[in-house]
There are 4 protein chains.
Amino acid sequence: MKRGLFGGVFGFLGRDESARTRDLTVLAEALLSGRGQVSGVVLARKLFDDYAALPPEQWLAFLEVLAEQFGADPARLERAMAEYRSRPGPKTALVLHVAAEARRQELIRRLNRAPGGTHDLVRMREDILRHLEAHPYLEVVDADFVHLLSSWFSPGFLVLRRIDWSTPARILEKIIRYEAVHAIKSWNDLRRRLDPGDRRCFAFFHPALEDEPLIFVEVALTDEMPGAIAPFLEEDRRPLPLRRATTAVFYSTSNCQVGLRGITFGHFLLKRVAEELKLEIPSLRTFVTLSPVPGFAAWLRRERESRSSALLTAPDRALLREMDTPGSVAPASASRPLRALLTAAVAHYLLNARDASGRPADPVARFHLGNGARLERVHWMGDPSPRGLETAAGFMVNYVYDLSRIERNHELYENRGERVASRAVRRLLRRPRSPGA
Amino acid sequence: MKRGLFGGVFGFLGRDESARTRDLTVLAEALLSGRGQVSGVVLARKLFDDYAALPPEQWLAFLEVLAEQFGADPARLERAMAEYRSRPGPKTALVLHVAAEARRQELIRRLNRAPGGTHDLVRMREDILRHLEAHPYLEVVDADFVHLLSSWFSPGFLVLRRIDWSTPARILEKIIRYEAVHAIKSWNDLRRRLDPGDRRCFAFFHPALEDEPLIFVEVALTDEMPGAIAPFLEEDRRPLPLRRATTAVFYSTSNCQVGLRGITFGHFLLKRVAEELKLEIPSLRTFVTLSPVPGFAAWLRRERESRSSALLTAPDRALLREMDTPGSVAPASASRPLRALLTAAVAHYLLNARDASGRPADPVARFHLGNGARLERVHWMGDPSPRGLETAAGFMVNYVYDLSRIERNHELYENRGERVASRAVRRLLRRPRSPGA
Amino acid sequence: MKRGLFGGVFGFLGRDESARTRDLTVLAEALLSGRGQVSGVVLARKLFDDYAALPPEQWLAFLEVLAEQFGADPARLERAMAEYRSRPGPKTALVLHVAAEARRQELIRRLNRAPGGTHDLVRMREDILRHLEAHPYLEVVDADFVHLLSSWFSPGFLVLRRIDWSTPARILEKIIRYEAVHAIKSWNDLRRRLDPGDRRCFAFFHPALEDEPLIFVEVALTDEMPGAIAPFLEEDRRPLPLRRATTAVFYSTSNCQVGLRGITFGHFLLKRVAEELKLEIPSLRTFVTLSPVPGFAAWLRRERESRSSALLTAPDRALLREMDTPGSVAPASASRPLRALLTAAVAHYLLNARDASGRPADPVARFHLGNGARLERVHWMGDPSPRGLETAAGFMVNYVYDLSRIERNHELYENRGERVASRAVRRLLRRPRSPGA
Amino acid sequence: MKRGLFGGVFGFLGRDESARTRDLTVLAEALLSGRGQVSGVVLARKLFDDYAALPPEQWLAFLEVLAEQFGADPARLERAMAEYRSRPGPKTALVLHVAAEARRQELIRRLNRAPGGTHDLVRMREDILRHLEAHPYLEVVDADFVHLLSSWFSPGFLVLRRIDWSTPARILEKIIRYEAVHAIKSWNDLRRRLDPGDRRCFAFFHPALEDEPLIFVEVALTDEMPGAIAPFLEEDRRPLPLRRATTAVFYSTSNCQVGLRGITFGHFLLKRVAEELKLEIPSLRTFVTLSPVPGFAAWLRRERESRSSALLTAPDRALLREMDTPGSVAPASASRPLRALLTAAVAHYLLNARDASGRPADPVARFHLGNGARLERVHWMGDPSPRGLETAAGFMVNYVYDLSRIERNHELYENRGERVASRAVRRLLRRPRSPGA
């Protein structure tokens, strides 16, 4: 491994700063070499505190050290390879596995023993992610963090808790802060989403991250499948009497921890919440999302720019020019043919458009179809807010979580790439053309 | 890897039984290859249930499968080694690390996602331990379990809880069952240890093992350093008023989970409990154990049998023959010189006798000195019960946990092998002879 | 009021003892006259402590003081009567009401302000009850206690809690102690009643009596209406899978606090528990007791001794002599006609026999019919234990709590004295004779 | 009792309205006469619901009914008086007491059995208080409510709970609403008072009024006795490290329930909180309020208007005219002599001025001195806000709660009317004049 790869970072630091990074490195080495568990916890705590006390611009220097100096020991790795070659078998493979493990994995495990260690590791991963694109040599560090965090945030360790108006304020203020889909404007707005009898909210927590929600979902109980978001967020609403509730609408799901990006909990959350609600309110028949289609408008622009679109004909392209009038992306007053074209396009986008790995191009579709949900309905002007028009031409859709079919759908998706959709949505697709976009 | 190594086991099974093991293996492969997280949880649960439904004598067959068929993939490992050799660096080392990982590690991680998965893995490790000696090829399986369980039972994830007469019966019955040092005879006996104002008990729990204590310690609050165990277990005792308490005596520590053997929590427990008690009762000055010396009698026998004992002189050997009268191992009525000799011997045993790795021969001494405690006093006839006489010639000792010195002592022990002891105990050692036994 | 009525008690006390009672009296007067609330709480606590420190035989002396010296002030009462006479109206009536109030009522209210005061007042009422029969002048003291305790133990203040194997041991040991119907022999026996999936137990608590159950009921979930008690208490039972449970059987209800005798909670308990269970297990259709008939055998003896029995004919009397064989009160091997006669007699006893106030002679029937339950079935040899044979000729019965009819039945009982019973039980009555026994 | 007294109210009601009041009255009579406890609870709930459904202007009609028709029964009362006269003694006095009790007392007790009954009775008392001044015949109704509520809100039944940022939002929004001394402007303002490490808040709750604080106190931990309120409410404050805290400042106490006016809990709250804090933070030496002097300005105006003021001399009166400049009640720029005069006056006001019953004229002084606190210091310009200037010429004062002297001070106050003050405050009084203002 060449020094030069990382040298640049140290070059920017003054003497004092690189001295501080050296101190952290010494701490990390001491933590890693120490045999004492009790003093190890003290060292780990100190390393976190010293790291946090650094000016943020020096964090990168320490992360670089992790990448460079805390990999596997090459000499030991060579010996282990030689040994495996001479006597291949379970034990020599194990020795090789251990020798090939970057030393920072054990370092991260020992850091995790400190009180509050998990919290600080999640924060440190935020720092890694912030620098990852510009400093791709951090990828191996990130891989080690992801490996261990995935193991520690195993679904069996997560705790589902209801969030309501009796939840501690300390947690509620985080719900306000982390809501990513439909911003919560104030404590009164929050109350409108949690307190009425026909509203629910659930979050996953991890025992080592007290008072820190990992992901949460907001639910509205209704008597029909909804087609628009505005009614859910109204100020003066009469709550639906529970005895009339037939449908649970997941209208907003938010991840809370940047430092846990890529470690998904959503797969488990919606299924668990549906089961929980069914137990509380046996009259519920339908569990359904009201979801945005965040990538539609951008995808449609690319289709229009592409000469080889499998979807758009020349008359389609002419029609779409209606949308180009400044100030209105997809006006509620669109012509009937334009509306029909857009509706067919959104169905095509959701059911056929692919990302590089062949999965649904739309991230929300990817999430819910991957979870085993079924694409159920498409709603014209479901979200006519500026953002809704800008990103999705105003469309919203429903994904249905049918508890008896989730696993089967999920298998079809994972194993055969099949996207399960209702007949109604399938019918929106244009017939003559082939489904492969 | 040759099939023959393990063939023997399968040989004993009838058709039906090996069919069942094959079914489990198929489940394990499906769990490992599946991409779907939701269905994975279902598979994992089913694997545990099917395993539990097997007759116990077939568990070994499945563990053997884990050892044999769920190691690293040799071909993939070869490729990764070749790649590393051609371009050694962090990324190829990472690839090699992953390729060398036994496939059962990922299998265990996925099993852990099932509801109750951690509990079932701990039970499965009990099975491994039961067969380990007779079937040493299970060592690699055990190593993978230990690696992951250590990570999941990280001290940062443990929860300290007080155990008292207000603790749920469900947990108390486990305290009765798991007490390993001074057996609890009945619920009344338990109550005597938990309910009086001068008694405390604390246990570590893990969030994923609800209602299952991992380790617990029983504490008596006293006004002096104790020299004998019997007064603590008496039926008719007047509790000490709290305002007179100066000393917390850890008189019994028990590990609860066989399946977590080798994953130590005791290091953290006693320190945490001492801190907790200090906070509750600021008048406490001394935190001390009342501990057995379980290996003393056996060690002394070996010394007597050995011609090259560094300790025993010919007159000593003559004196010790007093103890050989049938029926009394170390009678309270021992002669003065015998008593002096035995006291010197126990000090020697604790401070100088070594196991194969050079650590204290006595397991209890190893634990407390390794924790940073100081050997404080030696008590003649501290435990005159048959078992106490049989194993330790009736001796008990105190180890002091001095909160301000724990880390320093611990470092001395870990780094220099030093065993910290009070001057009083050091003076019991015989002068002229060298300390290296 | 003449001194002589109470003088006897003081006569038995020595000097020292009556001095102590005088001290208590002085404390009580101070507490009553003091204006300071803060010091009042201290005085109240002291009074309880001094009272408890008295030898039990002196408690009566203090209770006598309460009866004699803490009544209403006669002069003040005279004035209030005169005032009311001259100007009758709401205000003068209020003044009269206050003047006629025994001073000990305010004393009891002030005692209740002490920490733990409610608990100590309940204990003091136990002392009153112990002496009430022999010392009828305590009736007025008891009336004041009952009046205030009824107000403080208002059903709106009671808290229903489930008792199970996760309940603190501190509470469970009281369940063992207070079980009055089918004695609990050990912690294992307790566990058999609480822990299996088809068992439930609920108790009422009062916030001021922490960890003290007031009344509790043990419930078995079954798939049929039960006719015998033994199967519920068996050691080796397979629990019923919950999905098959259709019936909740209240097989034992016990009052816990002697000092709250006459302040009934049972009325509310069974209804609340039935509602709670229905919510948890919607498949439950039937809520039913399995109850003893504790007064039957004694009543039947009296009928046989009475010449004017409305029930027994001469042939009946002859038949009943079968039962007089020594050693077998009501042998399982009774003749068919005897069995028919006894069955008719128990139906008659439950539906027609009256106590002095015209209510059901059987105390258990009084309780359940008064609660709005319906007498449903009569079981020959439901409890063939010696006690069951001795008190009820082995009979047990079911009372059904039909949630939709409880209030109507209860009204019929309270307002018209009607005892609601199933047609099956009614048919057991002998026709030709009139129902008024 | 003549109908005419109350007729006026009914006169205003239309037919329909008086019909509704009659329905309520019928319900009340049914509830009172019913023997069934179970149906009684249902009736009570219905009465509350029907009452709440009435238009607010009809509540008075029902309260009038309570006053008029639910008093004692005159005939029964006459009989009881006659009986007492003929045989005066404890039993006839008891009968008389019961007969003189207004029937509404039993009605209120039965209403309290309904679920949520206590809450609804407290709300009903709010209605009574609203009408009390204009309709003095409600006084007897109020007296019965006060009598029973006092008994039910006995200090032994109150629960002290800490309020902090982990408290349910449902309770916190009530803290915002009920703060009566220094208004809480927003959730952020609330957080500043609860969350920092040097802030505490405690409230009393009653088990039957879930989530409803009765009274709460806000506490600041400081290292000195404070002289001004503004620093406590600042937005950008550095919290004091706990190890430096020596003083707990009770800077705001608020009663929450209008319907419990006159039933004081504050006496117990501050003492309990001081004990609680002392336990948590043994370094605390001083427990002290920072209190307004709300009646000072008005009292001073009256003194100036009175010719016979015991305090003011002619030169004083001349000086005070400085304050009469419009726009500045007591400018921070007051002249030295004016400042001295006002300081003497506030000391005089607090220590000597009396209300009609001879107690301190200032309500806050009455509360704290009555609790056993000591008036410690007087602060010029402690609260220079418009309201502080308007009501107290900007003064604030400290009352010290010295745990070892509270009871003694309290006794002195209650029994001898003595107002305990520090020497510093006593010295502010002018010498030559007599202390009797």
# chains A, B, ... in the order shown; residues from 1 in each chain; ligands from 1
call {"tool": "residues_around", "arguments": {"residues": "Thr246 (chain B)", "least_positions_apart": "2", "cutoff": "9 Å", "atoms": "only C-alpha atoms", "output": "number ranges by chain"}}
result
B: 221-224, 242-244, 248, 281-287
call {"tool": "write_last_selection", "arguments": {"atoms": "N, CA and C atoms", "output": "PDB file, in the first residue's frame"}}
result
ATOM      1  N   LEU B 221     -24.747  -5.784  52.667  1.00  0.00           N
ATOM      2  CA  LEU B 221     -24.202  -4.541  53.201  1.00  0.00           C
ATOM      3  C   LEU B 221     -23.884  -4.771  54.677  1.00  0.00           C
ATOM      4  N   THR B 222     -22.662  -4.463  55.068  1.00  0.00           N
ATOM      5  CA  THR B 222     -22.229  -4.770  56.430  1.00  0.00           C
ATOM      6  C   THR B 222     -21.473  -3.579  57.009  1.00  0.00           C
ATOM      7  N   ASP B 223     -21.043  -3.753  58.258  1.00  0.00           N
ATOM      8  CA  ASP B 223     -20.233  -2.697  58.857  1.00  0.00           C
ATOM      9  C   ASP B 223     -18.785  -3.139  59.075  1.00  0.00           C
ATOM     10  N   GLU B 224     -18.407  -4.247  58.454  1.00  0.00           N
ATOM     11  CA  GLU B 224     -17.011  -4.684  58.558  1.00  0.00           C
ATOM     12  C   GLU B 224     -16.709  -5.681  57.449  1.00  0.00           C
ATOM     13  N   LEU B 242     -29.332   0.799  57.399  1.00  0.00           N
ATOM     14  CA  LEU B 242     -28.520   1.287  56.271  1.00  0.00           C
ATOM     15  C   LEU B 242     -27.511   2.354  56.675  1.00  0.00           C
ATOM     16  N   ARG B 243     -27.877   3.167  57.666  1.00  0.00           N
ATOM     17  CA  ARG B 243     -26.975   4.278  58.014  1.00  0.00           C
ATOM     18  C   ARG B 243     -25.664   3.773  58.606  1.00  0.00           C
ATOM     19  N   ARG B 244     -25.637   2.515  59.024  1.00  0.00           N
ATOM     20  CA  ARG B 244     -24.397   1.973  59.579  1.00  0.00           C
ATOM     21  C   ARG B 244     -23.580   1.193  58.547  1.00  0.00           C
ATOM     22  N   ALA B 248     -19.776  -3.102  51.178  1.00  0.00           N
ATOM     23  CA  ALA B 248     -20.623  -3.936  50.322  1.00  0.00           C
ATOM     24  C   ALA B 248     -19.855  -5.206  50.027  1.00  0.00           C
ATOM     25  N   ILE B 281     -25.810   4.696  48.278  1.00  0.00           N
ATOM     26  CA  ILE B 281     -25.450   4.739  49.701  1.00  0.00           C
ATOM     27  C   ILE B 281     -24.064   5.361  49.817  1.00  0.00           C
ATOM     28  N   PRO B 282     -24.025   6.692  49.882  1.00  0.00           N
ATOM     29  CA  PRO B 282     -22.716   7.357  49.853  1.00  0.00           C
ATOM     30  C   PRO B 282     -21.817   6.947  51.022  1.00  0.00           C
ATOM     31  N   SER B 283     -22.402   6.385  52.083  1.00  0.00           N
ATOM     32  CA  SER B 283     -21.559   6.024  53.230  1.00  0.00           C
ATOM     33  C   SER B 283     -20.700   4.785  52.970  1.00  0.00           C
ATOM     34  N   LEU B 284     -20.925   4.097  51.883  1.00  0.00           N
ATOM     35  CA  LEU B 284     -20.129   2.900  51.602  1.00  0.00           C
ATOM     36  C   LEU B 284     -18.690   3.284  51.291  1.00  0.00           C
ATOM     37  N   ARG B 285     -17.767   2.614  51.974  1.00  0.00           N
ATOM     38  CA  ARG B 285     -16.341   2.908  51.771  1.00  0.00           C
ATOM     39  C   ARG B 285     -15.612   1.762  51.083  1.00  0.00           C
ATOM     40  N   THR B 286     -16.072   0.523  51.353  1.00  0.00           N
ATOM     41  CA  THR B 286     -15.329  -0.654  50.926  1.00  0.00           C
ATOM     42  C   THR B 286     -16.219  -1.572  50.092  1.00  0.00           C
ATOM     43  N   PHE B 287     -15.683  -2.008  48.946  1.00  0.00           N
ATOM     44  CA  PHE B 287     -16.386  -2.972  48.108  1.00  0.00           C
ATOM     45  C   PHE B 287     -15.505  -4.201  48.038  1.00  0.00           C
TER      46      PHE B 287
END
call {"tool": "residues_around", "arguments": {"residues": "Arg20 (chain A)", "least_positions_apart": "6", "cutoff": "12 Å", "atoms": "only C-alpha atoms", "output": "PyMOL selection string"}}
result
chain A and resi 10+13-14+26-27+47+50-55+58-59+61-62
call {"tool": "atom_distance", "arguments": {"atom1": "CA of Gln37 (chain D)", "atom2": "CA of Pro363 (chain C)"}}
result
17.5 Å
call {"tool": "closest_atom_pairs", "arguments": {"of": "chain B", "to": "chain A", "cutoff": "8 Å", "atoms": "only C-alpha atoms", "output": "CSV"}}
result
residue,atom,partner,partner_atom,distance
B:Met1,CA,A:Gly89,CA,6.0
B:Arg35,CA,A:Glu414,CA,6.3
B:Gly36,CA,A:Glu414,CA,6.1
B:Gln37,CA,A:His267,CA,7.2
B:Val38,CA,A:His267,CA,6.6
B:Ser39,CA,A:Glu407,CA,5.8
B:Ala67,CA,A:Pro90,CA,7.8
B:Glu68,CA,A:Pro90,CA,8.0
B:Gly71,CA,A:Pro90,CA,6.3
B:Ala72,CA,A:Ala93,CA,7.0
B:Met81,CA,A:Met81,CA,7.4
B:Pro88,CA,A:Met1,CA,7.2
B:Gly89,CA,A:Met1,CA,5.5
B:Pro90,CA,A:Gly71,CA,6.3
B:Lys91,CA,A:Val140,CA,6.4
B:Ala93,CA,A:Ala100,CA,5.9
B:Leu94,CA,A:Ala100,CA,6.9
B:Leu96,CA,A:Ala100,CA,6.4
B:His97,CA,A:Ala100,CA,4.6
B:Val98,CA,A:His97,CA,7.4
B:Ala99,CA,A:His97,CA,7.8
B:Ala100,CA,A:His97,CA,4.6
B:Glu101,CA,A:His97,CA,5.4
B:Ala102,CA,A:Leu94,CA,7.2
B:Arg109,CA,A:Ser151,CA,6.7
B:Asn112,CA,A:Gly156,CA,6.4
B:Arg113,CA,A:Gly156,CA,4.6
B:Ala114,CA,A:Gly156,CA,5.8
B:Pro115,CA,A:Gly156,CA,5.4
B:Gly116,CA,A:Gly156,CA,7.0
B:Gly117,CA,A:Gly156,CA,6.8
B:Thr118,CA,A:Gly156,CA,7.6
B:Val140,CA,A:Lys91,CA,6.4
B:Ser151,CA,A:Arg109,CA,6.7
B:Trp152,CA,A:Trp152,CA,6.4
B:Ser154,CA,A:Arg113,CA,5.6
B:Pro155,CA,A:Arg113,CA,5.2
B:Gly156,CA,A:Arg113,CA,4.6
B:Phe157,CA,A:Ala208,CA,5.7
B:Pro207,CA,A:Pro207,CA,6.5
B:Ala208,CA,A:Phe157,CA,5.7
B:His267,CA,A:Val38,CA,6.6
B:Phe268,CA,A:Val38,CA,6.7
B:Asn371,CA,A:Val38,CA,7.2
B:Glu407,CA,A:Ser39,CA,5.8
B:His410,CA,A:Gly36,CA,6.8
B:Glu411,CA,A:Gly36,CA,6.8
B:Glu414,CA,A:Gly36,CA,6.1
B:Asn415,CA,A:Arg35,CA,7.9
call {"tool": "atom_distance", "arguments": {"atom1": "CA of Ala220 (chain B)", "atom2": "CA of Arg200 (chain B)"}}
result
6.4 Å
call {"tool": "select_by_dssp", "arguments": {"residues": "region 29-134 of chain C", "states": "helix (DSSP H, G or I)", "output": "PyMOL selection string"}}
result
chain C and resi 29-33+37-53+56-69+74-86+90-100+103-111+117-132
call {"tool": "select_by_dssp", "arguments": {"residues": "region 354-414 of chain D", "states": "strand (DSSP E)", "output": "PDB file with all heavy atoms, in the first residue's frame"}}
result
ATOM      1  N   ARG D 374     -39.031  31.035  55.801  1.00  0.00           N
ATOM      2  CA  ARG D 374     -38.553  32.259  56.452  1.00  0.00           C
ATOM      3  C   ARG D 374     -38.330  33.323  55.371  1.00  0.00           C
ATOM      4  O   ARG D 374     -37.711  33.042  54.330  1.00  0.00           O
ATOM      5  CB  ARG D 374     -37.220  31.963  57.144  1.00  0.00           C
ATOM      6  CG  ARG D 374     -36.568  33.155  57.825  1.00  0.00           C
ATOM      7  CD  ARG D 374     -35.317  32.711  58.566  1.00  0.00           C
ATOM      8  NE  ARG D 374     -34.244  32.350  57.657  1.00  0.00           N
ATOM      9  CZ  ARG D 374     -33.597  31.194  57.669  1.00  0.00           C
ATOM     10  NH1 ARG D 374     -33.894  30.255  58.549  1.00  0.00           N
ATOM     11  NH2 ARG D 374     -32.635  30.951  56.799  1.00  0.00           N
ATOM     12  N   LEU D 375     -38.839  34.529  55.626  1.00  0.00           N
ATOM     13  CA  LEU D 375     -38.604  35.630  54.681  1.00  0.00           C
ATOM     14  C   LEU D 375     -37.128  36.007  54.798  1.00  0.00           C
ATOM     15  O   LEU D 375     -36.669  36.400  55.873  1.00  0.00           O
ATOM     16  CB  LEU D 375     -39.511  36.820  55.018  1.00  0.00           C
ATOM     17  CG  LEU D 375     -39.290  38.070  54.162  1.00  0.00           C
ATOM     18  CD1 LEU D 375     -39.518  37.804  52.681  1.00  0.00           C
ATOM     19  CD2 LEU D 375     -40.195  39.197  54.645  1.00  0.00           C
ATOM     20  N   GLU D 376     -36.390  35.915  53.692  1.00  0.00           N
ATOM     21  CA  GLU D 376     -34.935  35.997  53.815  1.00  0.00           C
ATOM     22  C   GLU D 376     -34.352  37.307  53.277  1.00  0.00           C
ATOM     23  O   GLU D 376     -33.538  37.932  53.936  1.00  0.00           O
ATOM     24  CB  GLU D 376     -34.307  34.829  53.033  1.00  0.00           C
ATOM     25  CG  GLU D 376     -32.849  34.596  53.305  1.00  0.00           C
ATOM     26  CD  GLU D 376     -32.557  34.032  54.690  1.00  0.00           C
ATOM     27  OE1 GLU D 376     -33.522  33.610  55.369  1.00  0.00           O
ATOM     28  OE2 GLU D 376     -31.387  34.044  55.115  1.00  0.00           O
ATOM     29  N   ARG D 377     -34.782  37.688  52.070  1.00  0.00           N
ATOM     30  CA  ARG D 377     -34.206  38.894  51.469  1.00  0.00           C
ATOM     31  C   ARG D 377     -35.229  39.627  50.639  1.00  0.00           C
ATOM     32  O   ARG D 377     -36.197  39.038  50.170  1.00  0.00           O
ATOM     33  CB  ARG D 377     -33.030  38.540  50.545  1.00  0.00           C
ATOM     34  CG  ARG D 377     -31.790  38.162  51.289  1.00  0.00           C
ATOM     35  CD  ARG D 377     -30.593  38.139  50.389  1.00  0.00           C
ATOM     36  NE  ARG D 377     -29.589  37.273  50.980  1.00  0.00           N
ATOM     37  CZ  ARG D 377     -28.552  36.769  50.347  1.00  0.00           C
ATOM     38  NH1 ARG D 377     -28.379  37.053  49.061  1.00  0.00           N
ATOM     39  NH2 ARG D 377     -27.693  36.000  50.971  1.00  0.00           N
ATOM     40  N   VAL D 378     -34.947  40.911  50.443  1.00  0.00           N
ATOM     41  CA  VAL D 378     -35.814  41.764  49.638  1.00  0.00           C
ATOM     42  C   VAL D 378     -34.946  42.330  48.514  1.00  0.00           C
ATOM     43  O   VAL D 378     -33.831  42.781  48.768  1.00  0.00           O
ATOM     44  CB  VAL D 378     -36.378  42.902  50.518  1.00  0.00           C
ATOM     45  CG1 VAL D 378     -36.979  43.999  49.674  1.00  0.00           C
ATOM     46  CG2 VAL D 378     -37.396  42.343  51.504  1.00  0.00           C
ATOM     47  N   HIS D 379     -35.436  42.245  47.273  1.00  0.00           N
ATOM     48  CA  HIS D 379     -34.618  42.693  46.135  1.00  0.00           C
ATOM     49  C   HIS D 379     -35.273  43.837  45.381  1.00  0.00           C
ATOM     50  O   HIS D 379     -36.324  43.659  44.755  1.00  0.00           O
ATOM     51  CB  HIS D 379     -34.374  41.532  45.164  1.00  0.00           C
ATOM     52  CG  HIS D 379     -33.655  40.389  45.778  1.00  0.00           C
ATOM     53  ND1 HIS D 379     -32.305  40.404  46.018  1.00  0.00           N
ATOM     54  CD2 HIS D 379     -34.111  39.199  46.245  1.00  0.00           C
ATOM     55  CE1 HIS D 379     -31.946  39.267  46.586  1.00  0.00           C
ATOM     56  NE2 HIS D 379     -33.031  38.520  46.739  1.00  0.00           N
ATOM     57  N   MET D 396     -38.811  41.855  44.326  1.00  0.00           N
ATOM     58  CA  MET D 396     -38.990  40.417  44.505  1.00  0.00           C
ATOM     59  C   MET D 396     -38.349  40.053  45.844  1.00  0.00           C
ATOM     60  O   MET D 396     -37.511  40.806  46.367  1.00  0.00           O
ATOM     61  CB  MET D 396     -38.353  39.608  43.390  1.00  0.00           C
ATOM     62  CG  MET D 396     -39.012  39.860  42.044  1.00  0.00           C
ATOM     63  SD  MET D 396     -38.638  38.565  40.831  1.00  0.00           S
ATOM     64  CE  MET D 396     -39.869  37.329  41.242  1.00  0.00           C
ATOM     65  N   VAL D 397     -38.741  38.898  46.379  1.00  0.00           N
ATOM     66  CA  VAL D 397     -38.193  38.497  47.675  1.00  0.00           C
ATOM     67  C   VAL D 397     -37.850  37.020  47.656  1.00  0.00           C
ATOM     68  O   VAL D 397     -38.278  36.279  46.773  1.00  0.00           O
ATOM     69  CB  VAL D 397     -39.189  38.772  48.827  1.00  0.00           C
ATOM     70  CG1 VAL D 397     -39.486  40.265  48.926  1.00  0.00           C
ATOM     71  CG2 VAL D 397     -40.464  37.975  48.638  1.00  0.00           C
ATOM     72  N   ASN D 398     -37.037  36.622  48.621  1.00  0.00           N
ATOM     73  CA  ASN D 398     -36.734  35.202  48.819  1.00  0.00           C
ATOM     74  C   ASN D 398     -37.360  34.711  50.124  1.00  0.00           C
ATOM     75  O   ASN D 398     -37.226  35.365  51.163  1.00  0.00           O
ATOM     76  CB  ASN D 398     -35.221  34.964  48.952  1.00  0.00           C
ATOM     77  CG  ASN D 398     -34.416  35.441  47.778  1.00  0.00           C
ATOM     78  OD1 ASN D 398     -33.463  36.214  47.938  1.00  0.00           O
ATOM     79  ND2 ASN D 398     -34.778  35.018  46.584  1.00  0.00           N
ATOM     80  N   TYR D 399     -37.992  33.556  50.040  1.00  0.00           N
ATOM     81  CA  TYR D 399     -38.396  32.821  51.240  1.00  0.00           C
ATOM     82  C   TYR D 399     -37.534  31.558  51.296  1.00  0.00           C
ATOM     83  O   TYR D 399     -37.440  30.836  50.295  1.00  0.00           O
ATOM     84  CB  TYR D 399     -39.869  32.426  51.187  1.00  0.00           C
ATOM     85  CG  TYR D 399     -40.809  33.605  51.112  1.00  0.00           C
ATOM     86  CD1 TYR D 399     -41.265  34.072  49.884  1.00  0.00           C
ATOM     87  CD2 TYR D 399     -41.244  34.264  52.269  1.00  0.00           C
ATOM     88  CE1 TYR D 399     -42.132  35.156  49.802  1.00  0.00           C
ATOM     89  CE2 TYR D 399     -42.103  35.350  52.193  1.00  0.00           C
ATOM     90  CZ  TYR D 399     -42.544  35.786  50.960  1.00  0.00           C
ATOM     91  OH  TYR D 399     -43.386  36.867  50.887  1.00  0.00           O
ATOM     92  N   VAL D 400     -36.933  31.314  52.449  1.00  0.00           N
ATOM     93  CA  VAL D 400     -36.066  30.146  52.584  1.00  0.00           C
ATOM     94  C   VAL D 400     -36.827  28.990  53.245  1.00  0.00           C
ATOM     95  O   VAL D 400     -37.509  29.187  54.247  1.00  0.00           O
ATOM     96  CB  VAL D 400     -34.809  30.486  53.408  1.00  0.00           C
ATOM     97  CG1 VAL D 400     -34.139  29.223  53.933  1.00  0.00           C
ATOM     98  CG2 VAL D 400     -33.830  31.274  52.555  1.00  0.00           C
TER      99      VAL D 400
END
call {"tool": "residues_around", "arguments": {"residues": "Ala318 (chain A)", "least_positions_apart": "3", "cutoff": "12 Å", "atoms": "only C-alpha atoms", "output": "list in words"}}
result
Arg304, Leu312, Thr313, Ala314, Pro315, Arg321, Glu322, Met323, Asp324, Pro337, Leu338 and Leu341 of chain A
